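What follows is the content of run37.pdb (PDB, C-alpha atoms, pLDDT in the B column).
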ATOM      1  CA  MET A   3      16.773  12.250  -1.121  1.00 65.00           C
ATOM      2  CA  PRO A   4      13.370  13.999  -1.083  1.00 70.00           C
ATOM      3  CA  CYS A   5      10.411  12.332   0.546  1.00 76.00           C
ATOM      4  CA  ARG A   6       8.569  10.284  -2.077  1.00 79.00           C
ATOM      5  CA  PHE A   7       5.294  10.616  -0.193  1.00 78.00           C
ATOM      6  CA  CYS A   8       5.536  14.396  -0.326  1.00 77.00           C
ATOM      7  CA  THR A   9       6.889  14.824  -3.844  1.00 81.00           C
ATOM      8  CA  THR A  10       5.024  12.233  -5.908  1.00 84.00           C
ATOM      9  CA  ASN A  11       3.441  13.412  -9.140  1.00 87.00           C
ATOM     10  CA  ASP A  12       1.271  10.304  -9.403  1.00 91.00           C
ATOM     11  CA  GLU A  13      -0.478   9.609  -6.114  1.00 92.00           C
ATOM     12  CA  GLU A  14      -2.533   6.716  -7.514  1.00 94.00           C
ATOM     13  CA  ALA A  15       0.630   4.937  -8.698  1.00 94.00           C
ATOM     14  CA  LEU A  16       2.183   5.425  -5.262  1.00 94.00           C
ATOM     15  CA  ILE A  17      -0.967   4.059  -3.593  1.00 96.00           C
ATOM     16  CA  GLU A  18      -0.905   1.059  -5.938  1.00 96.00           C
ATOM     17  CA  GLU A  19       2.732   0.356  -5.093  1.00 94.00           C
ATOM     18  CA  LEU A  20       2.117   0.713  -1.356  1.00 94.00           C
ATOM     19  CA  ALA A  21      -0.931  -1.569  -1.530  1.00 96.00           C
ATOM     20  CA  ALA A  22       0.993  -4.244  -3.441  1.00 95.00           C
ATOM     21  CA  ARG A  23       3.873  -4.107  -0.971  1.00 92.00           C
ATOM     22  CA  MET A  24       1.485  -4.273   1.982  1.00 93.00           C
ATOM     23  CA  TRP A  25      -0.194  -7.302   0.386  1.00 91.00           C
ATOM     24  CA  ALA A  26       3.186  -8.970  -0.192  1.00 88.00           C
ATOM     25  CA  SER A  27       4.125  -8.429   3.448  1.00 88.00           C
ATOM     26  CA  CYS A  28       1.120 -10.561   4.454  1.00 84.00           C
ATOM     27  CA  GLU A  29       2.198 -13.630   2.487  1.00 71.00           C
ATOM     28  CA  THR A  30       2.515 -16.936   4.300  1.00 73.00           C
ATOM     29  CA  SER A  31       3.818 -20.352   3.360  1.00 74.00           C
ATOM     30  CA  ASP A  32       0.327 -21.846   3.787  1.00 74.00           C
ATOM     31  CA  PRO A  33      -0.728 -22.828   0.238  1.00 73.00           C
ATOM     32  CA  VAL A  34      -4.475 -22.577   0.921  1.00 74.00           C
ATOM     33  CA  THR A  35      -4.582 -18.959   2.063  1.00 72.00           C
ATOM     34  CA  GLU A  36      -5.291 -15.973  -0.169  1.00 65.00           C
ATOM     35  CA  TRP A  37      -2.072 -14.377   1.055  1.00 69.00           C
ATOM     36  CA  THR A  38       0.060 -16.634  -1.116  1.00 66.00           C
ATOM     37  CA  LYS A  39      -1.308 -15.011  -4.277  1.00 73.00           C
ATOM     38  CA  ASP A  40       0.495 -12.336  -6.239  1.00 87.00           C
ATOM     39  CA  TRP A  41      -0.981  -8.829  -6.041  1.00 92.00           C
ATOM     40  CA  ASP A  42      -2.360  -9.161  -9.563  1.00 92.00           C
ATOM     41  CA  ALA A  43      -4.229 -12.304  -8.463  1.00 88.00           C
ATOM     42  CA  ALA A  44      -5.459 -10.883  -5.161  1.00 88.00           C
ATOM     43  CA  GLY A  45      -8.860 -10.111  -6.605  1.00 89.00           C
ATOM     44  CA  PRO A  46     -10.951  -6.947  -6.573  1.00 94.00           C
ATOM     45  CA  HIS A  47     -12.059  -7.218  -2.928  1.00 94.00           C
ATOM     46  CA  TRP A  48      -8.554  -7.443  -1.466  1.00 92.00           C
ATOM     47  CA  GLN A  49      -7.110  -4.910  -3.883  1.00 96.00           C
ATOM     48  CA  PHE A  50      -9.834  -2.450  -2.850  1.00 97.00           C
ATOM     49  CA  VAL A  51      -9.153  -3.093   0.848  1.00 97.00           C
ATOM     50  CA  PHE A  52      -5.386  -2.749   0.531  1.00 97.00           C
ATOM     51  CA  ARG A  53      -5.629   0.384  -1.627  1.00 98.00           C
ATOM     52  CA  ASN A  54      -7.742   1.926   1.124  1.00 98.00           C
ATOM     53  CA  TYR A  55      -5.132   0.866   3.708  1.00 97.00           C
ATOM     54  CA  ALA A  56      -2.452   2.465   1.537  1.00 97.00           C
ATOM     55  CA  ARG A  57      -4.455   5.711   1.207  1.00 96.00           C
ATOM     56  CA  THR A  58      -4.941   5.809   4.967  1.00 96.00           C
ATOM     57  CA  PHE A  59      -1.257   5.136   5.599  1.00 93.00           C
ATOM     58  CA  LEU A  60      -0.186   7.817   3.121  1.00 92.00           C
ATOM     59  CA  SER A  61      -2.530  10.352   4.691  1.00 90.00           C
ATOM     60  CA  ALA A  62      -1.268   9.542   8.196  1.00 90.00           C
ATOM     61  CA  ALA A  63       2.379   9.653   7.118  1.00 86.00           C
ATOM     62  CA  ARG A  64       1.904  13.033   5.481  1.00 83.00           C
ATOM     63  CA  ARG A  65       0.068  14.384   8.504  1.00 81.00           C
ATOM     64  CA  ASP A  66       2.847  13.187  10.829  1.00 67.00           C
ATOM     65  CA  HIS A  67       5.502  14.606   8.493  1.00 62.00           C
ATOM     66  CA  ASP A  68       3.746  17.981   8.350  1.00 63.00           C
ATOM     67  CA  HIS A  69       3.709  18.145  12.144  1.00 58.00           C
ATOM     68  CA  ASP A  70       7.402  17.254  12.449  1.00 56.00           C
ATOM     69  CA  GLY A  71       8.555  20.463  10.754  1.00 52.00           C
TER      70      GLY A  71
END
Turn this file's structure into structure tokens for me.
Amino acid sequence: MPCRFCTTNDEEALIEELAARMWASCETSDPVTEWTKDWDAAGPHWQFVFRNYARTFLSAARRDHDHDG
């Protein structure tokens, strides 16, 4: 299976998916924290932050992949 990071035709959609999955990985069982919210309810601040994390991750993963070959 080809590398999705390398072959995506829609980088923004991939970043959105990565950000949402990163957000979901931070969930806790504490009902008063922001982490219990769905991605759609995370709010503009946290969505902006996690999209930037996703962009940074994608860039680093591609850079590491390029150096592996």
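For the structure shown here, the set of residues caught by the PyMOL selection byres ((chain A and resi 57) around 12) is Phe7, Glu13, Glu14, Ala15, Leu16, Ile17, Glu18, Glu19, Leu20, Ala21, Met24, Phe50, Val51, Phe52, Arg53, Asn54, Tyr55, Ala56, Thr58, Phe59, Leu60, Ser61, Ala62, Ala63 and Arg64 of chain A.
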Listed atoms of stretch 3-11 of chain A boxed axis-aligned with 5 Å per side, centre + edges as JSON:
{"center_x": 10.1, "center_y": 12.6, "center_z": -4.3, "size_x": 23.3, "size_y": 14.5, "size_z": 19.7}
(request) Please indicate the distance in Å from atom CA of A:Ala44 to atom CA of A:Trp25, rounded to one decimal place. (result) 8.4 Å
(message) Translate the PyMOL selection byres ((chain A and resi 39) around 12) into a concrete residue list for this structure, as a count of residues only.
(response) 23
